[in-house]
file coords-v6.txt (compact mmCIF, C-alpha atoms)
# COMPACT_ATOMS: atom_id res chain seq x y z
CA MET A 517 50.80 43.29 -55.83
CA GLU A 518 47.90 44.71 -53.78
CA HIS A 519 50.23 47.14 -52.06
CA ARG A 520 51.87 48.24 -55.31
CA GLU A 521 48.48 48.90 -56.89
CA ALA A 522 47.37 50.89 -53.83
CA VAL A 523 50.56 52.95 -54.01
CA GLU A 524 49.96 53.80 -57.65
CA ARG A 525 46.35 54.81 -56.97
CA LEU A 526 47.43 57.06 -54.10
CA ARG A 527 50.20 58.62 -56.17
CA ARG A 528 47.71 59.46 -58.94
CA GLU A 529 45.27 60.87 -56.41
CA TYR A 530 48.01 63.06 -54.98
CA GLU A 531 48.93 64.31 -58.45
CA GLY A 532 45.28 65.21 -59.04
CA LEU A 533 44.95 67.44 -55.98
CA PRO A 534 45.00 71.18 -56.74
CA ALA A 535 48.55 72.47 -56.34
CA ASN A 536 47.45 75.30 -54.04
CA ALA A 537 45.11 73.22 -51.87
CA PRO A 538 46.15 72.06 -48.38
CA VAL A 539 46.92 68.36 -48.24
CA ARG A 540 45.82 66.25 -45.33
CA LEU A 541 45.12 62.59 -44.71
CA ALA A 542 41.57 61.27 -44.60
CA LYS A 543 41.96 59.07 -41.51
CA ARG A 544 39.28 57.47 -39.37
CA THR A 545 41.20 58.11 -36.16
CA SER A 546 43.73 60.58 -34.80
CA ASN A 547 45.74 60.87 -31.61
CA LEU A 548 46.82 64.45 -32.21
CA PHE A 549 45.53 67.16 -29.91
CA ARG A 550 45.77 69.94 -32.44
CA PHE A 551 42.14 70.15 -33.48
CA ARG A 552 41.41 71.62 -36.93
CA GLN A 553 39.27 74.70 -36.98
CA ASP A 554 37.55 73.66 -40.20
CA GLY A 555 37.37 70.75 -42.61
CA SER A 556 38.74 72.56 -45.65
CA GLY A 557 40.94 70.69 -48.06
CA LYS A 558 40.29 67.34 -49.66
CA GLY A 559 41.60 64.47 -47.59
CA LEU A 560 44.05 62.08 -49.22
CA ASP A 561 42.43 58.65 -48.99
CA VAL A 562 44.86 56.29 -47.24
CA GLY A 563 42.23 53.71 -46.33
CA GLU A 564 44.03 50.99 -48.29
CA PHE A 565 47.21 51.27 -46.21
CA VAL A 566 46.04 49.55 -43.03
CA ARG A 567 47.43 46.01 -43.37
CA VAL A 568 50.23 43.98 -41.90
CA ILE A 569 51.74 42.67 -45.12
CA SER A 570 53.89 39.95 -43.54
CA VAL A 571 55.60 38.81 -40.36
CA ASP A 572 58.92 36.96 -40.62
CA PRO A 573 59.42 35.09 -37.33
CA ASP A 574 62.89 33.87 -38.31
CA ARG A 575 64.28 37.31 -39.05
CA ARG A 576 62.03 38.89 -36.42
CA THR A 577 60.76 41.53 -38.78
CA ALA A 578 57.39 42.74 -40.05
CA GLU A 579 56.44 44.54 -43.23
CA VAL A 580 53.59 46.88 -42.41
CA GLN A 581 51.57 49.55 -44.20
CA GLY A 582 51.86 53.01 -42.75
CA MET A 583 48.30 53.51 -41.51
CA THR A 584 48.17 50.17 -39.69
CA THR A 585 47.20 50.60 -36.06
CA TYR A 586 49.33 49.14 -33.32
CA GLU A 587 46.28 47.17 -32.22
CA ASP A 588 46.26 45.31 -35.53
CA LEU A 589 50.05 45.08 -35.63
CA VAL A 590 50.25 43.50 -32.18
CA ASP A 591 47.46 41.06 -33.05
CA ALA A 592 49.53 39.95 -36.06
CA THR A 593 52.85 39.57 -34.21
CA LEU A 594 51.85 38.05 -30.86
CA PRO A 595 50.83 34.68 -32.39
CA HIS A 596 54.47 34.40 -33.50
CA GLY A 597 55.69 35.19 -29.99
CA LEU A 598 56.88 38.63 -31.11
CA MET A 599 56.06 42.30 -30.58
CA PRO A 600 57.37 45.65 -31.88
CA PHE A 601 60.31 47.04 -29.91
CA VAL A 602 58.11 49.92 -28.67
CA VAL A 603 54.30 49.70 -28.56
CA PRO A 604 52.78 53.14 -27.82
CA GLN A 605 50.07 53.16 -25.19
CA LEU A 606 46.95 53.66 -27.34
CA LYS A 607 45.51 51.09 -29.72
CA THR A 608 44.75 53.37 -32.66
CA ILE A 609 48.15 55.02 -32.90
CA THR A 610 49.42 54.03 -36.34
CA LEU A 611 52.89 52.79 -37.11
CA GLY A 612 53.49 55.61 -39.59
CA GLY A 613 52.16 58.11 -37.07
CA ALA A 614 54.45 56.85 -34.31
CA VAL A 615 57.46 57.16 -36.60
CA THR A 616 56.74 60.58 -38.08
CA GLY A 617 55.29 61.91 -34.81
CA LEU A 618 57.24 59.86 -32.25
CA GLY A 619 55.93 57.44 -29.67
CA ILE A 620 57.03 56.12 -26.31
CA GLU A 621 56.28 53.36 -23.82
CA SER A 622 57.76 51.36 -20.96
CA THR A 623 60.36 49.62 -23.17
CA SER A 624 61.79 52.98 -24.24
CA PHE A 625 64.49 52.94 -21.54
CA ARG A 626 66.10 50.06 -23.51
CA ASN A 627 64.57 50.30 -27.02
CA GLY A 628 64.34 54.07 -27.52
CA LEU A 629 61.62 55.38 -29.83
CA PRO A 630 59.64 53.50 -32.52
CA HIS A 631 61.66 54.88 -35.43
CA GLU A 632 64.86 53.34 -34.05
CA SER A 633 63.64 49.84 -34.96
CA VAL A 634 62.64 50.83 -38.52
CA LEU A 635 64.83 49.24 -41.20
CA GLU A 636 63.20 50.72 -44.28
CA MET A 637 60.41 53.15 -45.21
CA GLU A 638 58.51 53.67 -48.44
CA ILE A 639 57.46 57.32 -48.47
CA LEU A 640 55.16 59.41 -50.67
CA THR A 641 57.13 62.65 -50.68
CA GLY A 642 55.82 66.19 -50.96
CA ASP A 643 56.87 66.38 -54.63
CA GLY A 644 54.79 63.31 -55.49
CA ARG A 645 57.55 60.72 -55.72
CA VAL A 646 57.43 57.35 -53.97
CA VAL A 647 60.89 56.56 -52.62
CA THR A 648 62.37 53.83 -50.45
CA ALA A 649 64.46 55.34 -47.66
CA ARG A 650 67.03 53.53 -45.54
CA SER A 651 69.88 54.67 -43.39
CA ASP A 652 72.39 53.48 -46.00
CA ASN A 653 70.94 54.56 -49.37
CA GLU A 654 70.57 57.74 -51.38
CA HIS A 655 67.53 58.76 -49.30
CA SER A 656 69.29 58.45 -45.94
CA GLU A 657 68.79 62.15 -45.14
CA LEU A 658 65.03 61.70 -45.56
CA PHE A 659 65.18 58.55 -43.43
CA ASP A 660 66.93 60.45 -40.64
CA ALA A 661 64.72 63.56 -40.84
CA PHE A 662 61.41 61.71 -41.07
CA PRO A 663 61.02 61.15 -37.28
CA ASN A 664 59.28 64.19 -35.76
CA SER A 665 58.46 65.65 -39.20
CA TYR A 666 54.69 65.09 -38.72
CA GLY A 667 53.87 64.45 -42.37
CA THR A 668 55.53 67.64 -43.61
CA LEU A 669 58.09 65.75 -45.70
CA GLY A 670 55.74 63.01 -46.86
CA TYR A 671 53.72 60.01 -45.72
CA ALA A 672 55.01 56.55 -44.83
CA LEU A 673 53.20 53.96 -46.98
CA ARG A 674 55.15 50.86 -45.98
CA LEU A 675 57.69 50.17 -43.23
CA THR A 676 59.90 47.23 -42.36
CA ILE A 677 60.48 47.02 -38.62
CA GLU A 678 62.35 44.84 -36.16
CA LEU A 679 60.48 42.73 -33.62
CA GLU A 680 61.50 41.23 -30.29
CA PRO A 681 60.42 37.99 -28.57
CA VAL A 682 57.82 37.91 -25.80
CA ARG A 683 56.60 35.43 -23.21
CA PRO A 684 52.95 34.79 -22.35
CA PHE A 685 52.61 36.98 -19.25
CA VAL A 686 54.03 40.07 -17.61
CA LYS A 687 54.70 40.28 -13.86
CA LEU A 688 54.41 43.78 -12.42
CA THR A 689 55.65 45.11 -9.09
CA HIS A 690 54.58 48.54 -7.88
CA HIS A 691 57.00 50.36 -5.56
CA ARG A 692 55.66 53.31 -3.58
CA PHE A 693 57.74 56.43 -2.89
CA THR A 694 57.03 59.52 -0.83
CA ASP A 695 60.05 61.51 -2.03
CA ALA A 696 60.69 62.52 -5.65
CA LYS A 697 64.48 62.36 -5.48
CA ALA A 698 64.36 58.83 -4.08
CA CYS A 699 61.87 57.82 -6.76
CA PHE A 700 63.98 59.12 -9.64
CA GLU A 701 67.15 57.59 -8.22
CA ALA A 702 65.38 54.23 -8.04
CA LEU A 703 64.16 54.79 -11.59
CA ARG A 704 67.73 55.38 -12.75
CA LYS A 705 69.00 52.24 -11.03
CA ALA A 706 66.15 50.15 -12.46
CA CYS A 707 66.98 51.28 -15.98
CA GLU A 708 70.69 50.59 -15.52
CA SER A 709 70.26 47.19 -13.87
CA GLY A 710 69.14 45.27 -16.96
CA GLU A 711 66.79 43.25 -14.75
CA HIS A 712 63.49 44.50 -16.18
CA ASP A 713 61.71 44.42 -19.52
CA PHE A 714 59.39 47.36 -18.74
CA VAL A 715 59.75 50.43 -16.52
CA ASP A 716 57.32 53.31 -15.94
CA GLY A 717 55.77 55.25 -13.09
CA THR A 718 52.79 57.25 -11.87
CA VAL A 719 52.70 60.35 -9.66
CA PHE A 720 49.48 60.96 -7.70
CA ASN A 721 50.90 63.81 -5.65
CA SER A 722 54.23 65.02 -4.25
CA GLY A 723 54.08 62.45 -1.46
CA GLU A 724 52.67 59.48 -3.37
CA MET A 725 54.33 58.09 -6.47
CA TYR A 726 54.76 54.57 -7.81
CA LEU A 727 57.53 53.01 -9.85
CA THR A 728 56.27 49.98 -11.81
CA LEU A 729 58.91 47.41 -12.74
CA ALA A 730 57.73 44.60 -14.99
CA SER A 731 59.17 41.57 -16.76
CA PHE A 732 58.05 38.76 -19.02
CA THR A 733 57.23 35.44 -17.39
CA ASP A 734 55.99 32.05 -18.56
CA ARG A 735 53.57 31.54 -15.68
CA ALA A 736 51.17 33.73 -13.72
CA GLU A 737 49.82 33.08 -10.23
CA ARG A 738 46.69 34.98 -11.21
CA VAL A 739 45.81 37.23 -14.12
CA SER A 740 44.09 40.59 -13.69
CA ASP A 741 41.66 42.09 -16.21
CA TYR A 742 41.30 45.88 -16.41
CA THR A 743 39.00 45.94 -19.43
CA GLY A 744 35.92 45.41 -17.26
CA MET A 745 35.02 47.07 -13.97
CA GLY A 746 38.62 47.18 -12.73
CA ILE A 747 40.72 50.28 -13.47
CA TYR A 748 44.44 49.78 -13.98
CA TYR A 749 45.89 52.97 -12.53
CA LYS A 750 43.88 52.56 -9.33
CA SER A 751 45.38 49.09 -8.88
CA LEU A 752 48.82 50.64 -8.31
CA ARG A 753 47.66 51.69 -4.85
CA ASP A 754 46.12 48.34 -3.99
CA LYS A 755 48.52 45.69 -5.31
CA GLU A 756 52.24 45.35 -4.82
CA THR A 757 52.38 42.51 -7.36
CA ASP A 758 50.19 41.91 -10.39
CA TYR A 759 50.08 39.74 -13.51
CA LEU A 760 48.70 40.51 -16.95
CA THR A 761 48.73 38.73 -20.28
CA VAL A 762 51.18 40.33 -22.69
CA ARG A 763 48.34 41.80 -24.76
CA ASP A 764 46.57 43.22 -21.72
CA TYR A 765 49.83 44.69 -20.46
CA LEU A 766 50.48 46.45 -23.76
CA TRP A 767 46.97 47.97 -23.66
CA ARG A 768 46.73 48.48 -19.88
CA TRP A 769 46.42 52.25 -20.38
CA ASP A 770 44.02 52.24 -23.33
CA THR A 771 40.81 51.11 -21.60
CA ASP A 772 40.68 54.27 -19.49
CA TRP A 773 42.89 56.49 -21.65
CA PHE A 774 45.32 56.35 -18.72
CA TRP A 775 42.96 58.07 -16.21
CA CYS A 776 41.27 60.56 -18.54
CA SER A 777 38.07 58.51 -18.80
CA ARG A 778 37.11 59.82 -15.35
CA ALA A 779 36.30 63.22 -16.92
CA LEU A 780 33.68 61.45 -19.04
CA GLY A 781 32.18 59.61 -16.07
CA VAL A 782 33.35 56.18 -17.26
CA GLN A 783 34.96 55.39 -13.91
CA ASN A 784 31.66 55.83 -12.09
CA PRO A 785 30.61 52.20 -11.36
CA VAL A 786 27.03 52.75 -12.52
CA ILE A 787 28.03 54.45 -15.79
CA ARG A 788 30.83 51.94 -16.33
CA ALA A 789 28.44 49.01 -16.01
CA LEU A 790 26.18 50.55 -18.65
CA TRP A 791 29.01 51.67 -20.97
CA PRO A 792 29.61 48.79 -23.42
CA ARG A 793 33.01 47.19 -23.01
CA ARG A 794 33.79 47.57 -26.72
CA TYR A 795 33.48 51.36 -26.32
CA ARG A 796 35.86 51.55 -23.34
CA ARG A 797 38.83 52.61 -25.43
CA SER A 798 40.87 55.69 -26.12
CA ASP A 799 39.67 56.44 -29.66
CA VAL A 800 36.04 56.61 -28.47
CA TYR A 801 36.97 59.06 -25.72
CA ARG A 802 39.08 61.12 -28.09
CA ARG A 803 36.14 61.52 -30.50
CA ILE A 804 33.98 62.73 -27.62
CA VAL A 805 36.63 65.30 -26.67
CA ALA A 806 36.98 66.41 -30.30
CA TRP A 807 33.22 66.95 -30.52
CA ASP A 808 33.31 68.94 -27.27
CA ARG A 809 36.21 71.10 -28.51
CA ARG A 810 34.41 71.84 -31.78
CA HIS A 811 31.11 72.77 -30.14
CA ARG A 812 32.57 74.21 -26.91
CA PHE A 813 29.85 72.46 -24.92
CA SER A 814 31.88 72.11 -21.70
CA ALA A 815 33.20 75.67 -21.96
CA ARG A 816 29.72 77.12 -22.38
CA LEU A 817 28.33 74.97 -19.58
CA GLY A 818 31.13 76.04 -17.25
CA ALA A 819 30.59 79.71 -18.07
CA ALA A 820 26.86 79.36 -17.41
CA ARG A 821 27.67 77.93 -13.98
CA GLY A 822 30.07 80.79 -13.20
CA ARG A 823 33.27 78.80 -13.45
CA ARG A 824 36.57 80.24 -14.60
CA PRO A 825 37.59 79.41 -18.16
CA GLU A 826 39.96 76.46 -18.40
CA GLU A 827 43.04 75.92 -20.54
CA PRO A 828 43.65 72.42 -21.96
CA VAL A 829 47.11 71.25 -20.89
CA VAL A 830 47.76 68.08 -22.88
CA GLN A 831 51.48 67.45 -23.24
CA ASP A 832 54.34 64.97 -23.10
CA VAL A 833 57.77 66.35 -22.29
CA GLU A 834 61.19 64.79 -21.81
CA VAL A 835 63.61 66.05 -19.18
CA PRO A 836 67.07 64.64 -18.31
CA ILE A 837 66.70 62.47 -15.23
CA ASP A 838 69.07 64.68 -13.22
CA ARG A 839 66.57 67.54 -13.62
CA ALA A 840 63.42 65.43 -13.23
CA PRO A 841 62.86 66.30 -9.53
CA ASP A 842 63.10 70.00 -10.42
CA PHE A 843 60.47 69.64 -13.14
CA LEU A 844 58.10 67.67 -10.92
CA ASP A 845 58.42 70.26 -8.14
CA PHE A 846 57.68 73.08 -10.60
CA PHE A 847 54.79 71.20 -12.17
CA GLY A 848 53.09 70.34 -8.88
CA ARG A 849 53.43 73.91 -7.64
CA ASP A 850 52.61 75.93 -10.78
CA VAL A 851 50.31 73.64 -12.81
CA GLY A 852 48.89 71.08 -10.41
CA ILE A 853 47.55 68.37 -12.73
CA SER A 854 47.49 64.84 -11.33
CA PRO A 855 48.11 62.03 -11.91
CA VAL A 856 51.25 62.37 -14.05
CA TRP A 857 52.77 59.52 -16.04
CA LEU A 858 56.52 58.87 -15.90
CA CYS A 859 58.32 56.96 -18.64
CA PRO A 860 62.12 56.66 -18.86
CA LEU A 861 63.69 57.01 -22.30
CA ARG A 862 67.15 56.56 -23.73
CA LEU A 863 68.17 56.37 -27.37
CA ARG A 864 68.62 52.75 -28.35
CA GLY A 865 72.04 53.28 -29.93
CA PRO A 866 74.66 55.93 -30.67
CA LYS A 867 72.77 57.30 -33.69
CA THR A 868 71.01 60.63 -33.07
CA TRP A 869 68.07 62.05 -34.99
CA PRO A 870 68.15 65.65 -36.22
CA LEU A 871 64.57 66.82 -35.64
CA TYR A 872 64.28 65.51 -32.08
CA PRO A 873 67.80 66.04 -30.77
CA LEU A 874 68.03 63.80 -27.71
CA LYS A 875 71.56 63.24 -26.48
CA GLY A 876 73.00 59.76 -26.79
CA GLU A 877 73.60 57.93 -23.50
CA THR A 878 71.43 60.44 -21.58
CA LEU A 879 68.51 58.96 -19.66
CA TYR A 880 65.42 61.16 -19.93
CA VAL A 881 62.10 60.99 -18.11
CA ASN A 882 58.93 61.56 -20.09
CA PHE A 883 56.24 63.37 -18.10
CA GLY A 884 52.75 62.88 -19.53
CA PHE A 885 49.88 65.07 -18.31
CA TRP A 886 46.50 65.49 -19.92
CA SER A 887 43.84 67.70 -18.35
CA SER A 888 42.62 71.30 -18.06
CA VAL A 889 43.71 74.03 -15.65
CA PRO A 890 41.60 77.05 -14.61
CA LEU A 891 42.86 80.40 -15.89
CA GLN A 892 43.22 82.90 -13.08
CA PRO A 893 42.29 86.57 -13.64
CA GLY A 894 44.81 88.22 -15.95
CA MET A 895 46.10 84.96 -17.40
CA ALA A 896 46.00 84.76 -21.19
CA GLU A 897 44.90 81.62 -23.01
CA GLY A 898 47.93 79.35 -23.28
CA HIS A 899 49.56 80.66 -20.10
CA HIS A 900 50.23 77.26 -18.52
CA ASN A 901 51.43 75.66 -21.74
CA ARG A 902 53.87 78.53 -22.27
CA VAL A 903 55.37 78.31 -18.80
CA ILE A 904 55.77 74.53 -19.23
CA GLU A 905 57.59 75.08 -22.53
CA GLU A 906 59.90 77.61 -20.90
CA LYS A 907 60.68 75.32 -17.97
CA VAL A 908 61.37 72.29 -20.17
CA THR A 909 63.79 74.31 -22.29
CA ALA A 910 65.52 75.69 -19.21
CA LEU A 911 66.04 72.15 -17.91
CA GLY A 912 67.54 70.92 -21.17
CA GLY A 913 64.50 68.91 -22.24
CA HIS A 914 62.16 68.67 -25.21
CA LYS A 915 58.41 68.47 -25.73
CA SER A 916 56.44 66.35 -28.17
CA LEU A 917 54.58 68.26 -30.87
CA TYR A 918 51.28 66.35 -31.00
CA SER A 919 49.44 69.03 -29.04
CA SER A 920 49.47 72.82 -28.65
CA VAL A 921 52.74 74.60 -29.45
CA HIS A 922 53.46 78.19 -28.43
CA TYR A 923 57.09 78.67 -29.44
CA GLY A 924 57.89 81.57 -31.73
CA ARG A 925 59.33 80.67 -35.12
CA GLU A 926 62.96 81.41 -34.24
CA GLU A 927 62.89 79.47 -30.98
CA PHE A 928 61.01 76.57 -32.58
CA TRP A 929 63.61 76.10 -35.30
CA ARG A 930 66.44 76.40 -32.80
CA LEU A 931 64.95 73.65 -30.63
CA TYR A 932 63.99 71.34 -33.49
CA HIS A 933 67.02 71.94 -35.74
CA GLY A 934 65.64 73.97 -38.60
CA GLU A 935 69.07 73.95 -40.25
CA ALA A 936 68.78 70.16 -40.66
CA TYR A 937 65.13 70.26 -41.73
CA ALA A 938 65.40 72.94 -44.42
CA PRO A 939 67.61 71.09 -46.96
CA VAL A 940 65.52 67.90 -46.69
CA LYS A 941 62.32 69.90 -47.14
CA ALA A 942 63.81 71.59 -50.20
CA ALA A 943 64.88 68.26 -51.68
CA TYR A 944 61.59 66.37 -51.20
CA ASP A 945 58.95 69.12 -51.21
CA PRO A 946 60.48 72.03 -53.18
CA ALA A 947 57.09 73.52 -54.11
CA GLY A 948 55.88 73.46 -50.51
CA ARG A 949 52.76 71.38 -51.19
CA LEU A 950 52.91 70.19 -47.60
CA PRO A 951 53.11 72.72 -44.75
CA ASP A 952 56.45 73.18 -43.05
CA LEU A 953 56.86 71.78 -39.56
CA PHE A 954 56.42 75.07 -37.73
CA ASP A 955 53.19 75.89 -39.57
CA LYS A 956 51.89 72.35 -39.11
CA CYS A 957 52.45 72.37 -35.37
CA THR A 958 51.29 75.91 -34.64
CA SER A 959 48.38 76.29 -37.05
CA ALA A 960 46.57 72.91 -36.65
CA LYS A 961 46.76 72.27 -40.41

call {"tool": "encode", "arguments": {"input": "coords-v6.txt", "output": "structure tokens"}}
result
Amino acid sequence: MEHREAVERLRREYEGLPANAPVRLAKRTSNLFRFRQDGSGKGLDVGEFVRVISVDPDRRTAEVQGMTTYEDLVDATLPHGLMPFVVPQLKTITLGGAVTGLGIESTSFRNGLPHESVLEMEILTGDGRVVTARSDNEHSELFDAFPNSYGTLGYALRLTIELEPVRPFVKLTHHRFTDAKACFEALRKACESGEHDFVDGTVFNSGEMYLTLASFTDRAERVSDYTGMGIYYKSLRDKETDYLTVRDYLWRWDTDWFWCSRALGVQNPVIRALWPRRYRRSDVYRRIVAWDRRHRFSARLGAARGRRPEEPVVQDVEVPIDRAPDFLDFFGRDVGISPVWLCPLRLRGPKTWPLYPLKGETLYVNFGFWSSVPLQPGMAEGHHNRVIEEKVTALGGHKSLYSSVHYGREEFWRLYHGEAYAPVKAAYDPAGRLPDLFDKCTSAK
């Protein structure tokens, strides 16, 4: 009843918004890296849609409101010995956000992307309707087009998802490689073996990379804690074997935002000791970065010190594993950010999804890199992001759309299947109250 009443209130609020006003969600947190230039437009209040409605341990399903964070979702499912099929790396990513904007983690080599374990979605569409979409009902086209639509077709208010069983601990083994081809071949074999529950990797440089293979276990010889003074990614160099609780494994990257907390000084032992533990988390760091982007504090300080301007390069891209060594060679030579995260990905089943057209049965490698690169004389803003986009396309890959996008309109719609998007947009948002996907991803709306 609570949910139904919240849905009706939101629907009325949506109806009351001016027809020509931009629509956006009033959310406390965001994991997008397309920062708005202004705060225009009334935010649609989705603060009531943050609950786990129920967990069914017998059917291994959960009914969850769309703005529920994975932190809260995991806290609700772990007591039942269950977890979502894919738990994205950062605590404040929402379930609805991971479905409409995609998500990935170290189970993705066997479980695909978060939307592949969704059974049903209740969606507030662009034309103000609230519909229930499944793969087998009259809204199946909306169900299929919703992943990677970034809120341009509507907003997920409630989702029913599948869950999988867990065990109390995770055992990790870190395997060092000095050659990229050998590393990616081992990655392929690990994904094909069926011996591991989790697979990911970290590249420090062209001669130092680690493949982390992990599996559930009932017992742990010792349990590490990387929420205090220890830093997870640094442990890859020091420990061949490690143990974490399931919860700490799922959030191993969040405490230091992978490695990005170093830019804020949080990895300095003195600062870390003074920085309250409850604030060592990705959403806190992201708010600091958002403030810096708005006020250009770092840019102005760098200019005052005579430094070259820097271009933010914050991206996740997927490349077929056969071309992964080529991409890593290009990236190390022409961009130079390190470390780089590696995460293997394969669609969970034969079904493909129109707006993010990965090929069934193909194993991809996600490369995650999040930093800034100096612009050399003559380089235009966006230079590095553009050359990355060009290389990914040339290698038969795709890039996630949560950050800066530089494709032209024609190329964008070719890569993200505009011919599949257009009829669904026309059916569920005929008046264009919500921006289309190209405008949303290129204009920071």

call {"tool": "residues_around", "arguments": {"input": "coords-v6.txt", "residues": "Leu950 (chain A)", "least_positions_apart": "6", "cutoff": "8 Å", "atoms": "all atoms listed in the file", "output": "ChimeraX atom specification"}}
result
/A:538-539,642,667-670

call {"tool": "write_last_selection", "arguments": {"input": "coords-v6.txt", "atoms": "C-alpha atoms", "output": "compact mmCIF listing (two decimals), keeping the file's coordinate frame"}}
result
# COMPACT_ATOMS: atom_id res chain seq x y z
CA PRO A 538 46.15 72.06 -48.38
CA VAL A 539 46.92 68.36 -48.24
CA GLY A 642 55.82 66.19 -50.96
CA GLY A 667 53.87 64.45 -42.37
CA THR A 668 55.53 67.64 -43.61
CA LEU A 669 58.09 65.75 -45.70
CA GLY A 670 55.74 63.01 -46.86

call {"tool": "residues_around", "arguments": {"input": "coords-v6.txt", "residues": "Phe601 (chain A)", "least_positions_apart": "5", "cutoff": "10 Å", "atoms": "all atoms listed in the file", "output": "list in words"}}
result
Glu621, Thr623, Ser624, Arg626, Asn627, Gly628, Leu629, Pro630, His631, Glu632, Ser633, Val634, Ile677, Glu678, Leu679, Glu680 and Pro681 of chain A

call {"tool": "closest_residue", "arguments": {"input": "coords-v6.txt", "among": "A:Phe720, A:Trp769, A:Tyr530, A:Tyr748", "to": "Val603 (chain A)", "atoms": "only C-alpha atoms"}}
result
A:Trp769

call {"tool": "atom_distance", "arguments": {"input": "coords-v6.txt", "atom1": "CA of Leu618 (chain A)", "atom2": "CA of Phe662 (chain A)"}}
result
9.9 Å

call {"tool": "residues_around", "arguments": {"input": "coords-v6.txt", "residues": "region 884-899 of chain A", "least_positions_apart": "2", "cutoff": "6 Å", "atoms": "all atoms listed in the file", "output": "MDAnalysis selection string"}}
result
chainID A and resid 824:832 856:857 901:902

call {"tool": "decode", "arguments": {"input": "coords-v6.txt", "residues": "region 783-826 of chain A", "atoms": "C-alpha atoms", "output": "PDB file, in the first residue's frame"}}
result
ATOM      1  CA  GLN A 783      45.758   7.694   1.226  1.00  0.00           C
ATOM      2  CA  ASN A 784      48.269   9.832   3.103  1.00  0.00           C
ATOM      3  CA  PRO A 785      48.559   8.028   6.491  1.00  0.00           C
ATOM      4  CA  VAL A 786      48.280  11.246   8.491  1.00  0.00           C
ATOM      5  CA  ILE A 787      45.229  12.524   6.605  1.00  0.00           C
ATOM      6  CA  ARG A 788      43.687   9.051   6.585  1.00  0.00           C
ATOM      7  CA  ALA A 789      43.979   8.762  10.357  1.00  0.00           C
ATOM      8  CA  LEU A 790      42.178  12.095  10.765  1.00  0.00           C
ATOM      9  CA  TRP A 791      39.554  11.434   8.055  1.00  0.00           C
ATOM     10  CA  PRO A 792      36.567   9.810   9.819  1.00  0.00           C
ATOM     11  CA  ARG A 793      35.969   6.240   8.708  1.00  0.00           C
ATOM     12  CA  ARG A 794      32.301   6.948   7.947  1.00  0.00           C
ATOM     13  CA  TYR A 795      33.413   9.513   5.338  1.00  0.00           C
ATOM     14  CA  ARG A 796      35.818   7.133   3.572  1.00  0.00           C
ATOM     15  CA  ARG A 797      33.377   6.283   0.813  1.00  0.00           C
ATOM     16  CA  SER A 798      32.826   7.019  -2.833  1.00  0.00           C
ATOM     17  CA  ASP A 799      29.805   9.314  -2.545  1.00  0.00           C
ATOM     18  CA  VAL A 800      31.728  11.682  -0.247  1.00  0.00           C
ATOM     19  CA  TYR A 801      34.618  11.862  -2.710  1.00  0.00           C
ATOM     20  CA  ARG A 802      32.254  12.344  -5.629  1.00  0.00           C
ATOM     21  CA  ARG A 803      30.615  15.347  -3.925  1.00  0.00           C
ATOM     22  CA  ILE A 804      34.059  16.888  -3.408  1.00  0.00           C
ATOM     23  CA  VAL A 805      34.871  16.414  -7.098  1.00  0.00           C
ATOM     24  CA  ALA A 806      31.496  17.870  -8.117  1.00  0.00           C
ATOM     25  CA  TRP A 807      32.163  20.952  -5.990  1.00  0.00           C
ATOM     26  CA  ASP A 808      35.619  21.295  -7.560  1.00  0.00           C
ATOM     27  CA  ARG A 809      34.202  20.969 -11.090  1.00  0.00           C
ATOM     28  CA  ARG A 810      31.561  23.617 -10.400  1.00  0.00           C
ATOM     29  CA  HIS A 811      33.986  26.124  -8.891  1.00  0.00           C
ATOM     30  CA  ARG A 812      37.045  25.142 -10.964  1.00  0.00           C
ATOM     31  CA  PHE A 813      39.215  25.396  -7.863  1.00  0.00           C
ATOM     32  CA  SER A 814      41.833  22.853  -9.003  1.00  0.00           C
ATOM     33  CA  ALA A 815      41.928  24.289 -12.525  1.00  0.00           C
ATOM     34  CA  ARG A 816      42.502  27.824 -11.263  1.00  0.00           C
ATOM     35  CA  LEU A 817      45.109  26.655  -8.762  1.00  0.00           C
ATOM     36  CA  GLY A 818      46.961  24.722 -11.461  1.00  0.00           C
ATOM     37  CA  ALA A 819      46.922  27.709 -13.801  1.00  0.00           C
ATOM     38  CA  ALA A 820      48.278  29.953 -11.051  1.00  0.00           C
ATOM     39  CA  ARG A 821      51.160  27.516 -10.576  1.00  0.00           C
ATOM     40  CA  GLY A 822      51.905  27.455 -14.304  1.00  0.00           C
ATOM     41  CA  ARG A 823      50.646  23.952 -14.982  1.00  0.00           C
ATOM     42  CA  ARG A 824      49.112  22.860 -18.251  1.00  0.00           C
ATOM     43  CA  PRO A 825      45.327  22.559 -18.286  1.00  0.00           C
ATOM     44  CA  GLU A 826      44.078  19.030 -17.689  1.00  0.00           C
TER      45      GLU A 826
END
